>>> print(open('start_7.txt').read())   # compact mmCIF, C-alpha atoms
# COMPACT_ATOMS: atom_id res chain seq x y z
CA MET A 1 123.14 116.51 112.18
CA ILE A 2 126.00 114.96 110.22
CA ASP A 3 125.32 117.45 107.43
CA ARG A 4 126.08 120.24 109.87
CA VAL A 5 129.46 118.67 110.69
CA LEU A 6 130.20 118.42 106.97
CA LEU A 7 129.20 122.02 106.29
CA GLU A 8 131.55 123.12 109.04
CA LEU A 9 134.32 120.94 107.60
CA ASN A 10 133.80 122.43 104.14
CA LYS A 11 134.69 125.88 105.51
CA THR A 12 138.31 124.71 105.88
CA GLU A 13 140.52 126.26 103.23
CA GLY A 14 141.12 123.91 100.31
CA ILE A 15 138.18 121.54 101.01
CA LYS A 16 135.75 121.42 98.07
CA GLY A 17 133.24 118.98 99.55
CA SER A 18 132.73 116.12 101.96
CA MET A 19 130.55 113.12 102.55
CA VAL A 20 129.93 110.28 104.97
CA VAL A 21 129.16 106.87 103.53
CA GLY A 22 128.54 103.51 105.15
CA LYS A 23 131.36 101.01 104.71
CA ASP A 24 129.17 99.53 101.96
CA GLY A 25 128.95 102.86 100.13
CA LEU A 26 125.47 103.86 101.26
CA VAL A 27 125.39 107.66 101.32
CA ILE A 28 124.61 108.79 104.87
CA ALA A 29 125.25 112.50 104.35
CA SER A 30 126.72 114.47 101.49
CA GLN A 31 127.90 118.03 101.00
CA LEU A 32 129.66 117.58 97.69
CA PRO A 33 129.76 120.04 94.77
CA GLY A 34 126.65 119.80 92.57
CA ASN A 35 128.51 118.29 89.62
CA VAL A 36 129.62 115.23 91.62
CA ASP A 37 127.45 112.09 91.62
CA ALA A 38 127.33 111.35 95.36
CA GLU A 39 125.92 107.82 94.93
CA LEU A 40 128.70 106.86 92.54
CA VAL A 41 131.51 108.50 94.48
CA GLY A 42 130.16 106.92 97.67
CA ALA A 43 130.31 103.49 96.04
CA MET A 44 133.82 104.16 94.74
CA ALA A 45 134.98 105.42 98.15
CA SER A 46 133.67 102.21 99.70
CA ALA A 47 135.53 100.06 97.16
CA ALA A 48 138.77 102.08 97.41
CA PHE A 49 138.71 102.17 101.20
CA GLY A 50 137.81 98.47 101.34
CA ALA A 51 140.70 97.56 99.03
CA ALA A 52 143.14 99.68 101.07
CA GLU A 53 141.82 98.15 104.30
CA ARG A 54 142.30 94.62 102.97
CA THR A 55 145.79 95.47 101.67
CA ALA A 56 146.82 96.97 105.01
CA SER A 57 145.55 93.92 106.81
CA GLU A 58 147.21 91.48 104.39
CA ILE A 59 150.64 93.02 104.77
CA GLY A 60 150.34 93.34 108.52
CA MET A 61 149.88 97.13 108.74
CA GLY A 62 147.03 96.83 111.21
CA ASN A 63 143.84 98.87 111.03
CA LEU A 64 143.60 101.33 108.19
CA GLU A 65 143.40 104.93 109.35
CA GLN A 66 143.41 106.94 106.15
CA THR A 67 143.49 106.58 102.39
CA MET A 68 144.41 109.33 99.97
CA ILE A 69 144.01 109.47 96.21
CA GLU A 70 145.99 112.23 94.54
CA GLY A 71 145.03 113.53 91.14
CA GLU A 72 146.30 116.33 88.96
CA HIS A 73 143.51 118.63 90.06
CA GLY A 74 142.82 117.52 93.58
CA LYS A 75 142.84 114.90 96.28
CA ILE A 76 140.34 112.64 98.02
CA LEU A 77 141.04 111.77 101.63
CA MET A 78 139.12 109.01 103.36
CA VAL A 79 139.23 108.20 107.04
CA ASP A 80 137.57 105.52 109.11
CA ALA A 81 134.54 106.92 110.93
CA GLY A 82 133.41 103.79 112.77
CA GLU A 83 130.26 102.62 111.04
CA GLY A 84 131.16 104.74 108.04
CA ILE A 85 133.86 106.49 106.06
CA LEU A 86 134.42 110.25 105.99
CA ALA A 87 135.59 111.32 102.53
CA ILE A 88 136.66 114.81 101.57
CA LEU A 89 137.52 116.35 98.23
CA THR A 90 140.26 118.95 98.23
CA GLU A 91 142.09 121.21 95.84
CA SER A 92 145.49 119.99 94.67
CA LYS A 93 147.61 122.31 96.79
CA VAL A 94 146.37 122.24 100.36
CA ASN A 95 147.68 122.24 103.88
CA LEU A 96 147.31 118.52 104.54
CA GLY A 97 148.28 118.83 108.19
CA LEU A 98 145.47 121.26 108.88
CA ILE A 99 142.99 119.18 106.92
CA ARG A 100 143.91 116.02 108.81
CA ILE A 101 143.40 117.73 112.16
CA THR A 102 140.04 119.11 111.01
CA MET A 103 139.01 115.68 109.76
CA LYS A 104 140.01 114.07 113.05
CA ARG A 105 137.74 116.46 114.96
CA ALA A 106 134.89 115.81 112.53
CA VAL A 107 135.34 112.02 112.76
CA ASP A 108 134.99 112.08 116.54
CA LYS A 109 131.63 113.83 116.19
CA ILE A 110 130.47 111.58 113.34
CA LYS A 111 131.41 108.40 115.22
CA ALA A 112 129.32 109.54 118.16
CA MET A 113 126.35 110.28 115.86
CA LEU A 114 126.56 106.96 114.05
CA SER A 115 126.94 104.76 117.10
CA MET B 1 95.43 93.34 113.50
CA ARG B 2 95.44 96.41 111.29
CA VAL B 3 96.26 95.34 107.77
CA SER B 4 96.77 97.45 104.64
CA VAL B 5 96.65 95.77 101.24
CA TYR B 6 97.80 97.63 98.12
CA GLY B 7 96.29 96.53 94.83
CA ALA B 8 92.96 94.76 94.26
CA GLY B 9 94.30 92.45 91.54
CA ASN B 10 93.73 92.42 87.81
CA GLN B 11 90.31 90.74 87.54
CA ASN B 12 90.33 90.86 83.73
CA LEU B 13 93.48 88.73 83.79
CA TYR B 14 92.10 86.31 86.36
CA ILE B 15 88.59 85.91 84.98
CA ASN B 16 88.82 86.47 81.22
CA GLN B 17 92.40 85.58 80.33
CA LEU B 18 93.26 82.86 82.82
CA ASN B 19 89.69 81.67 83.31
CA LEU B 20 90.38 80.94 86.95
CA PRO B 21 86.78 80.18 88.00
CA GLU B 22 86.65 77.25 85.56
CA LYS B 23 90.26 76.07 85.72
CA PHE B 24 91.12 76.56 89.38
CA GLY B 25 87.79 77.17 91.11
CA GLY B 26 86.87 79.75 93.69
CA GLU B 27 85.00 82.89 92.88
CA PRO B 28 85.94 86.47 92.09
CA PRO B 29 87.30 88.77 93.22
CA TYR B 30 90.73 87.16 93.18
CA GLY B 31 94.09 88.55 94.22
CA GLY B 32 94.64 91.42 96.63
CA SER B 33 90.93 92.12 97.01
CA ARG B 34 90.31 88.49 98.02
CA MET B 35 93.15 88.69 100.54
CA ALA B 36 91.54 91.82 102.00
CA ILE B 37 88.13 90.08 102.20
CA GLU B 38 89.61 87.04 103.96
CA PHE B 39 91.50 89.19 106.48
CA ALA B 40 88.38 91.25 107.23
CA GLU B 41 86.22 88.14 107.61
CA ALA B 42 88.78 86.81 110.11
CA GLY B 43 88.20 89.92 112.21
CA HIS B 44 91.09 92.13 111.14
CA ASP B 45 90.78 95.86 110.49
CA VAL B 46 91.57 96.07 106.78
CA VAL B 47 92.18 98.89 104.31
CA LEU B 48 92.54 98.14 100.60
CA ALA B 49 94.25 100.82 98.51
CA GLU B 50 93.40 100.76 94.83
CA PRO B 51 93.73 103.92 92.74
CA ASN B 52 92.08 102.32 89.71
CA LYS B 53 88.41 101.75 90.52
CA ASN B 54 87.88 100.27 87.03
CA ILE B 55 90.06 97.30 87.83
CA MET B 56 86.89 95.41 88.77
CA SER B 57 83.14 95.70 88.48
CA GLU B 58 80.80 97.38 90.95
CA ASP B 59 79.37 94.07 92.17
CA LEU B 60 82.87 92.84 93.04
CA TRP B 61 83.67 96.08 94.87
CA LYS B 62 80.44 95.58 96.79
CA LYS B 63 81.64 92.13 97.91
CA VAL B 64 84.84 93.71 99.20
CA GLU B 65 83.04 96.44 101.12
CA ASP B 66 80.35 94.09 102.44
CA ALA B 67 83.13 92.03 104.03
CA GLY B 68 84.09 95.09 106.07
CA VAL B 69 87.10 96.22 104.07
CA LYS B 70 87.64 99.98 103.83
CA VAL B 71 88.52 100.83 100.23
CA VAL B 72 90.66 103.90 99.58
CA SER B 73 92.25 105.32 96.46
CA ASP B 74 95.17 106.98 98.22
CA ASP B 75 98.18 104.82 99.14
CA LEU B 76 99.13 107.24 101.91
CA GLU B 77 95.82 106.69 103.68
CA ALA B 78 96.54 102.96 103.73
CA ALA B 79 100.12 103.66 104.78
CA LYS B 80 99.01 105.34 108.00
CA HIS B 81 96.68 102.45 108.88
CA GLY B 82 98.41 99.10 108.94
CA GLU B 83 100.84 97.37 111.23
CA ILE B 84 101.11 94.96 108.29
CA HIS B 85 101.38 96.27 104.69
CA ILE B 86 100.97 93.87 101.79
CA LEU B 87 102.00 95.00 98.32
CA PHE B 88 99.84 93.16 95.79
CA THR B 89 101.15 95.62 93.24
CA PRO B 90 102.62 95.50 89.69
CA PHE B 91 106.01 94.00 88.83
CA GLY B 92 109.35 95.52 89.80
CA ARG B 93 109.86 99.28 89.71
CA LEU B 94 106.19 100.18 90.34
CA THR B 95 106.14 98.17 93.53
CA ILE B 96 109.39 99.81 94.66
CA ASN B 97 107.91 103.24 93.99
CA ILE B 98 104.82 102.48 96.09
CA ALA B 99 106.99 101.14 98.92
CA LYS B 100 109.15 104.28 98.80
CA LYS B 101 106.01 106.40 98.87
CA ILE B 102 104.51 104.72 101.94
CA ILE B 103 107.52 103.85 104.10
CA ASN B 104 107.86 107.19 105.86
CA HIS B 105 104.16 107.15 106.79
CA VAL B 106 103.67 103.65 108.21
CA PRO B 107 103.16 103.29 111.98
CA GLU B 108 106.13 102.44 114.20
CA ASN B 109 107.33 98.82 113.93
CA ALA B 110 105.18 98.12 110.87
CA VAL B 111 106.20 95.43 108.42
CA ILE B 112 106.01 95.87 104.65
CA CYS B 113 105.55 92.70 102.61
CA ASN B 114 106.01 91.94 98.97
CA THR B 115 103.90 89.30 97.24
CA CYS B 116 104.87 87.88 93.86
CA THR B 117 106.07 90.96 91.98
CA ILE B 118 109.44 91.54 93.62
CA PRO B 119 111.82 89.49 95.79
CA THR B 120 112.15 90.58 99.44
CA PRO B 121 115.93 91.22 99.28
CA VAL B 122 115.41 93.45 96.22
CA LEU B 123 112.67 95.40 97.99
CA TYR B 124 114.87 95.73 101.07
CA ARG B 125 117.86 96.95 99.07
CA ALA B 126 115.75 99.51 97.24
CA LEU B 127 114.61 100.90 100.60
CA GLU B 128 117.88 100.37 102.47
CA GLY B 129 118.83 104.05 102.67
CA ILE B 130 115.60 104.85 104.49
CA LEU B 131 115.56 101.64 106.54
CA ARG B 132 119.06 102.17 107.88
CA LEU B 133 118.86 105.87 108.54
CA LYS B 134 115.27 106.99 109.20
CA ARG B 135 113.03 103.95 109.72
CA LYS B 136 115.11 101.36 111.55
CA ASP B 137 111.88 100.15 113.16
CA VAL B 138 110.24 99.04 109.90
CA GLY B 139 110.65 95.43 108.78
CA ILE B 140 110.58 93.96 105.29
CA SER B 141 109.24 90.50 104.59
CA SER B 142 106.88 88.73 102.23
CA PHE B 143 103.31 87.54 102.48
CA HIS B 144 103.46 85.57 99.33
CA PRO B 145 100.42 83.51 98.37
CA THR B 146 101.39 80.22 96.71
CA GLY B 147 98.68 80.54 94.10
CA VAL B 148 96.10 83.17 93.28
CA PRO B 149 94.22 84.26 96.42
CA GLY B 150 90.63 83.15 96.04
CA THR B 151 91.45 79.80 94.42
CA PRO B 152 91.14 76.73 96.67
CA GLY B 153 94.67 75.67 95.72
CA GLN B 154 96.19 78.66 97.50
CA LYS B 155 96.95 76.97 100.79
CA TYR B 156 100.18 78.63 101.88
CA TYR B 157 101.54 82.06 102.57
CA THR B 158 105.31 82.13 102.19
CA ILE B 159 106.88 84.52 104.68
CA ALA B 160 110.42 85.77 104.19
CA GLY B 161 112.64 85.03 107.18
CA LYS B 162 116.38 85.36 107.72
CA SER B 163 118.21 85.34 104.38
CA LEU B 164 120.84 82.82 103.35
CA GLU B 165 123.50 85.48 103.90
CA GLY B 166 122.28 85.70 107.50
CA LYS B 167 120.48 89.03 107.21
CA GLU B 168 117.24 89.66 109.08
CA TYR B 169 115.01 91.99 107.09
CA ALA B 170 112.26 91.88 109.71
CA SER B 171 112.30 91.32 113.47
CA GLU B 172 111.14 88.06 115.02
CA ASN B 173 108.09 89.87 116.35
CA GLN B 174 107.18 91.15 112.87
CA VAL B 175 107.60 87.70 111.32
CA ASN B 176 105.47 86.19 114.12
CA LYS B 177 102.69 88.66 113.33
CA LEU B 178 102.69 87.48 109.72
CA VAL B 179 102.55 83.85 110.84
CA GLU B 180 99.59 84.74 113.04
CA LEU B 181 97.86 86.56 110.18
CA ALA B 182 98.26 83.56 107.85
CA GLU B 183 96.90 81.18 110.48
CA SER B 184 93.94 83.46 111.19
CA VAL B 185 92.71 82.95 107.61
CA ASP B 186 93.28 79.17 107.77
CA LYS B 187 96.36 79.21 105.58
CA ILE B 188 99.65 77.48 106.29
CA PRO B 189 102.49 79.91 107.04
CA TYR B 190 105.79 78.83 105.50
CA VAL B 191 108.69 80.86 106.83
CA ALA B 192 111.52 80.46 104.32
CA PRO B 193 114.87 82.20 103.82
CA ALA B 194 114.06 85.52 102.11
CA ASP B 195 116.26 84.70 99.11
CA ILE B 196 114.52 81.48 98.16
CA VAL B 197 110.91 82.68 98.39
CA PRO B 198 110.67 83.80 94.73
CA ALA B 199 112.04 80.50 93.46
CA VAL B 200 109.55 78.41 95.42
CA ALA B 201 106.50 80.67 95.59
CA ASP B 202 106.48 82.89 92.49
CA MET B 203 105.02 82.01 89.12
CA GLY B 204 108.65 81.21 88.32
CA SER B 205 108.29 78.12 90.54
CA LEU B 206 107.41 76.48 87.21
CA VAL B 207 111.04 77.02 86.17
CA THR B 208 112.34 75.86 89.56
CA ALA B 209 110.27 72.68 89.42
CA ILE B 210 111.34 71.71 85.89
CA ALA B 211 114.99 72.67 86.46
CA LEU B 212 114.96 70.60 89.67
CA VAL B 213 113.79 67.56 87.69
CA GLY B 214 116.77 68.00 85.35
CA ILE B 215 119.13 68.43 88.28
CA LEU B 216 117.82 65.32 90.06
CA ASP B 217 117.92 63.30 86.84
CA TYR B 218 121.52 64.17 86.06
CA TYR B 219 122.58 63.72 89.67
CA SER B 220 120.99 60.28 89.75
CA VAL B 221 122.36 59.11 86.39
CA GLY B 222 125.71 60.79 86.97
CA THR B 223 126.41 59.37 90.40
CA GLN B 224 124.67 55.96 90.13
CA VAL B 225 125.08 54.90 86.50
CA ILE B 226 128.08 56.84 85.19
CA LYS B 227 129.59 56.81 88.67
CA ALA B 228 131.19 60.21 88.18
CA PRO B 229 132.47 62.09 91.23
CA LYS B 230 129.72 64.04 93.02
CA GLU B 231 131.73 67.29 92.80
CA MET B 232 132.03 66.96 89.04
CA ILE B 233 128.28 66.45 88.65
CA GLU B 234 127.55 69.45 90.88
CA LYS B 235 129.89 71.69 88.89
CA GLN B 236 128.35 70.63 85.58
CA ILE B 237 124.89 71.39 86.96
CA LEU B 238 126.16 74.81 88.03
CA ILE B 239 127.62 75.54 84.60
CA SER B 240 124.36 74.67 82.82
CA LEU B 241 122.19 76.76 85.13
CA GLN B 242 124.59 79.71 85.21
CA THR B 243 125.01 79.74 81.45
CA LEU B 244 121.27 79.97 80.89
CA ALA B 245 120.81 82.54 83.66
CA ALA B 246 123.69 84.74 82.51
CA ILE B 247 122.58 84.84 78.87
CA ILE B 248 118.98 85.65 79.82
CA GLU B 249 120.30 88.43 82.09
CA THR B 250 122.45 90.08 79.41
CA SER B 251 120.56 89.26 76.23
CA GLY B 252 117.02 88.22 77.09
CA MET B 253 115.14 85.24 75.70
CA GLU B 254 115.94 86.36 72.14
CA GLY B 255 119.67 86.14 72.83
CA LEU B 256 119.26 82.71 74.40
CA ILE B 257 117.33 81.39 71.41
CA ASN B 258 119.93 82.89 69.09
CA ILE B 259 122.92 81.27 70.71
CA LEU B 260 121.53 77.85 71.61
CA ASN B 261 121.72 75.48 68.67
CA LYS B 262 118.61 73.35 69.14
CA ASP B 263 119.80 70.42 67.02
CA ALA B 264 123.21 70.30 68.67
CA LEU B 265 121.58 70.41 72.10
CA ILE B 266 119.18 67.59 71.25
CA SER B 267 121.94 65.49 69.73
CA SER B 268 124.13 65.93 72.78
CA ALA B 269 121.39 65.45 75.37
CA LYS B 270 120.13 62.27 73.65
CA ASN B 271 123.41 60.67 74.64
CA MET B 272 122.40 61.16 78.24
CA LEU B 273 119.32 58.92 77.84
CA ILE B 274 120.94 56.16 79.80
CA ASN B 275 118.13 54.34 81.55
CA LYS B 276 114.43 53.83 80.98
CA LYS B 277 113.38 55.87 83.99
CA GLN B 278 114.40 59.16 82.34
CA GLU B 279 110.92 60.05 81.10
CA ASP B 280 111.65 63.69 81.90
CA LEU B 281 114.52 63.87 79.42
CA ASN B 282 112.53 62.08 76.71
CA LEU B 283 109.72 64.58 77.15
CA ALA B 284 112.13 67.54 77.25
CA LEU B 285 113.80 66.45 74.01
CA LYS B 286 110.42 66.13 72.31
CA ILE B 287 109.34 69.59 73.53
CA ILE B 288 112.60 71.16 72.35
CA GLU B 289 112.31 69.41 68.99
CA ASP B 290 108.76 70.67 68.47
CA PHE B 291 109.55 74.15 69.71
CA ASN B 292 109.22 76.87 67.12
CA ASP B 293 112.04 79.43 67.48
CA SER B 294 110.05 82.09 65.69
CA LYS B 295 107.62 82.33 68.63
CA ILE B 296 110.33 84.24 70.49
CA GLY B 297 112.59 85.49 67.72
CA LYS B 298 116.32 85.87 67.75
CA GLY B 299 118.24 88.80 69.20
CA ASP B 300 121.81 89.92 69.73
CA VAL B 301 123.92 88.23 72.33
CA ASN B 302 125.56 90.89 74.46
CA THR B 303 128.84 90.62 76.32
CA THR B 304 128.33 88.01 79.00
CA TYR B 305 130.72 86.89 81.72
CA LEU B 306 130.12 83.33 82.78
CA VAL B 307 131.18 83.23 86.40
CA ALA B 308 130.13 81.31 89.45
CA PRO B 309 128.61 84.20 91.43
CA GLN B 310 129.32 82.83 94.90
CA THR B 311 132.96 82.08 94.11
CA PHE B 312 133.26 85.48 92.45
CA ILE B 313 131.82 87.21 95.52
CA LYS B 314 134.16 85.31 97.84
CA GLU B 315 137.16 86.34 95.75
CA ALA B 316 136.01 89.96 95.51
CA MET B 317 135.44 90.08 99.28
CA SER B 318 139.01 88.96 99.83
CA LEU B 319 140.17 91.93 97.71
CA ILE B 320 137.96 94.80 98.82
CA GLY B 321 136.17 93.51 101.91
CA LYS B 322 132.69 92.33 102.84
CA HIS B 323 131.10 95.76 103.28
CA ALA B 324 132.14 97.11 99.89
CA ILE B 325 130.92 93.93 98.21
CA GLU B 326 127.57 94.11 100.01
CA GLY B 327 127.22 97.63 98.66
CA ILE B 328 128.00 96.44 95.15
CA ILE B 329 125.42 93.66 95.51
CA ARG B 330 122.83 96.20 96.65
CA ARG B 331 123.48 98.56 93.75
CA SER B 332 123.56 95.82 91.11
CA SER B 333 120.36 94.33 92.50
CA ASN B 334 118.67 97.73 92.28
CA LYS B 335 119.87 98.12 88.68
CA LEU B 336 118.46 94.73 87.69
CA PHE B 337 114.98 95.86 88.74
CA GLU B 338 115.19 99.45 87.49
>>> encode(input="start_7.txt", output="structure tokens")
Amino acid sequence: MIDRVLLELNKTEGIKGSMVVGKDGLVIASQLPGNVDAELVGAMASAAFGAAERTASEIGMGNLEQTMIEGEHGKILMVDAGEGILAILTESKVNLGLIRITMKRAVDKIKAMLS
Amino acid sequence: MRVSVYGAGNQNLYINQLNLPEKFGGEPPYGGSRMAIEFAEAGHDVVLAEPNKNIMSEDLWKKVEDAGVKVVSDDLEAAKHGEIHILFTPFGRLTINIAKKIINHVPENAVICNTCTIPTPVLYRALEGILRLKRKDVGISSFHPTGVPGTPGQKYYTIAGKSLEGKEYASENQVNKLVELAESVDKIPYVAPADIVPAVADMGSLVTAIALVGILDYYSVGTQVIKAPKEMIEKQILISLQTLAAIIETSGMEGLINILNKDALISSAKNMLINKKQEDLNLALKIIEDFNDSKIGKGDVNTTYLVAPQTFIKEAMSLIGKHAIEGIIRRSSNKLFE
């Protein structure tokens, strides 16, 4: 079920892959490119999101909504999906506004599936 | 109850190497096959899965079957049978592989139990992906005999309950079934936190018992004779235990033997012989003095971080949160038993 949401998400221009992991990094569903180690990236997403969440809380920013890591060749966006985290891999030059809207729609569906 | 036992037990080890009949009494078969016999004799519907028929002689297999146990060679056949599954299987990875093989086939609300070859939290973490996504109904616990099944000294079954971190690996109903099963074969059920079962019920209880003597000795001498602050004594105990544990983890027994200077240790520890009641320390010093290093050999000492794990975890949780740390604990635990 969640895989179907991810496959749909991956059709968005600029998105190279997506995954849903538990807040502890457990891979719930993954549609990442074959050369990416989903277990490892899931664990890293959990640690990065957790660190951002703690930082936001510590400096009084409230609940964390999204984390983005920008690299030379692409970006990783992570958003809170209730019980889990939705992470997507994108190309470096993408329409972030469109991707955020698409992610928001996907998160609503994922939250309902995980609850 | 429908019970599936995996692994008949290594009778060559029990009879020829350990000489259990003479040293500890009872009669073969010992181990998983004896557990199966006792369950069947108590009226339970029992399947014993053992792929290696040569693990014991024909006459011993006959005893198992005469007791009413159904013997199968296929783990999956046993998987479909039991509401309780007991893994009397080889150490570490092999047990995890069998658990992974059976978990999708066990009946609804079944409970899978380790015995002495893997700790319950490790088994749970290895199966966590399936348990959290596909088989939320299945529980994980232990049905850990405190001694070799078949010897009169095996009086308890240690059952893993809620862990020290507050996690419930099995439901109350599943744990109650295990208690009932233990009582039905006239054993004493001991429901203990899942994390401490290996330390008190495994063969490693030898280490726990001897280490506890050292801890109690130092605590007694430290607080009553030296009159040092309790916190200082506790921290020194922690440092000693963690140092040994960390070096064994990174470098094995060979690394430990390499880095510990026997003479320096003896010289230092002799200074702690403060009162006449410390027979334990006297005996320990003699054993260390007589110990021949070459029995183990010396190996490289790998990079080792000496940290207090609980303090480390607390600090890491404050940086990246509880969930991320729990994930790290799960993955590192899985790696330790790979």
>>> interface_residues(input="start_7.txt", of="chain A", to="chain B", cutoff="8 Å", atoms="only C-alpha atoms", output="ChimeraX atom specification")
/A:23-28,43,46-55
>>> axis_aligned_box(input="start_7.txt", around="region 3-21 of chain A", padding_each_side="4 Å", output="JSON")
{"center_x": 133.2, "center_y": 116.6, "center_z": 104.4, "size_x": 23.8, "size_y": 27.4, "size_z": 20.6}
>>> residues_around(input="start_7.txt", residues="Ala228 (chain B)", least_positions_apart="6", cutoff="10 Å", atoms="only C-alpha atoms", output="number ranges by chain")
B: 219, 221-222
>>> residues_around(input="start_7.txt", residues="Leu306 (chain B)", least_positions_apart="5", cutoff="10 Å", atoms="all atoms listed in the file", output="JSON, numbers by chain")
{"B": [239, 242, 243, 244, 245, 246, 247]}
>>> closest_residue(input="start_7.txt", among="B:Leu336, B:Ala201, B:Ile259, B:Ala182", to="Val148 (chain B)", atoms="all atoms listed in the file")
B:Ala201
>>> residues_around(input="start_7.txt", residues="Ser18 (chain A)", least_positions_apart="4", cutoff="6 Å", atoms="all atoms listed in the file", output="PyMOL selection string")
chain A and resi 31-32+87-88
>>> residues_around(input="start_7.txt", residues="Ile196 (chain B)", least_positions_apart="6", cutoff="12 Å", atoms="only C-alpha atoms", output="list in words")
Pro119, Thr120, Pro121, Ser142, His144, Thr158, Ile159, Ala160, Gly161, Lys162, Ser163, Leu164, Glu165, Tyr190, Asp202, Gly204, Ser205 and Thr208 of chain B
>>> atom_distance(input="start_7.txt", atom1="CA of Leu127 (chain B)", atom2="CA of Ala99 (chain B)")
7.8 Å
>>> atom_distance(input="start_7.txt", atom1="CA of Thr102 (chain A)", atom2="CA of Ile69 (chain A)")
18.1 Å
>>> atom_distance(input="start_7.txt", atom1="CA of Ala67 (chain B)", atom2="CA of Ile37 (chain B)")
5.7 Å
>>> residues_around(input="start_7.txt", residues="Glu70 (chain A)", least_positions_apart="4", cutoff="12 Å", atoms="only C-alpha atoms", output="mmCIF file with C-alpha atoms, in the frame of the given file")
data_model
loop_
_atom_site.group_PDB
_atom_site.id
_atom_site.type_symbol
_atom_site.label_atom_id
_atom_site.label_comp_id
_atom_site.auth_asym_id
_atom_site.auth_seq_id
_atom_site.Cartn_x
_atom_site.Cartn_y
_atom_site.Cartn_z
ATOM 1 C CA GLY A 74 142.820 117.520 93.580
ATOM 2 C CA LYS A 75 142.840 114.900 96.280
ATOM 3 C CA ILE A 76 140.340 112.640 98.020
ATOM 4 C CA LEU A 77 141.040 111.770 101.630
ATOM 5 C CA MET A 78 139.120 109.010 103.360
ATOM 6 C CA ILE A 88 136.660 114.810 101.570
ATOM 7 C CA LEU A 89 137.520 116.350 98.230
ATOM 8 C CA THR A 90 140.260 118.950 98.230
ATOM 9 C CA GLU A 91 142.090 121.210 95.840
ATOM 10 C CA SER A 92 145.490 119.990 94.670
ATOM 11 C CA LYS A 93 147.610 122.310 96.790
ATOM 12 C CA VAL A 94 146.370 122.240 100.360
ATOM 13 C CA LEU A 96 147.310 118.520 104.540
#
>>> decode(input="start_7.txt", residues="region 213-217 of chain B", atoms="all heavy atoms", output="compact mmCIF listing (two decimals), in the first residue's frame")
# COMPACT_ATOMS: atom_id res chain seq x y z
N VAL B 213 30.25 -11.96 43.17
CA VAL B 213 31.05 -12.15 44.40
C VAL B 213 32.07 -11.01 44.52
O VAL B 213 32.23 -10.40 45.58
CB VAL B 213 31.76 -13.52 44.39
CG1 VAL B 213 32.75 -13.63 45.56
CG2 VAL B 213 30.74 -14.65 44.48
N GLY B 214 32.74 -10.69 43.42
CA GLY B 214 33.71 -9.60 43.41
C GLY B 214 33.06 -8.26 43.73
O GLY B 214 33.59 -7.46 44.50
N ILE B 215 31.89 -8.06 43.14
CA ILE B 215 31.17 -6.80 43.37
C ILE B 215 30.78 -6.67 44.85
O ILE B 215 31.01 -5.64 45.48
CB ILE B 215 29.90 -6.74 42.48
CG1 ILE B 215 30.30 -6.59 41.01
CG2 ILE B 215 28.98 -5.60 42.90
CD1 ILE B 215 29.16 -6.82 40.03
N LEU B 216 30.23 -7.76 45.40
CA LEU B 216 29.79 -7.72 46.80
C LEU B 216 30.97 -7.55 47.74
O LEU B 216 30.90 -6.83 48.74
CB LEU B 216 29.01 -9.00 47.15
CG LEU B 216 27.67 -9.18 46.42
CD1 LEU B 216 27.07 -10.55 46.72
CD2 LEU B 216 26.70 -8.07 46.80
N ASP B 217 32.08 -8.22 47.40
CA ASP B 217 33.29 -8.12 48.23
C ASP B 217 33.78 -6.67 48.28
O ASP B 217 33.98 -6.09 49.35
CB ASP B 217 34.38 -9.05 47.66
CG ASP B 217 35.60 -9.12 48.56
OD1 ASP B 217 35.70 -8.32 49.51
OD2 ASP B 217 36.47 -9.97 48.31
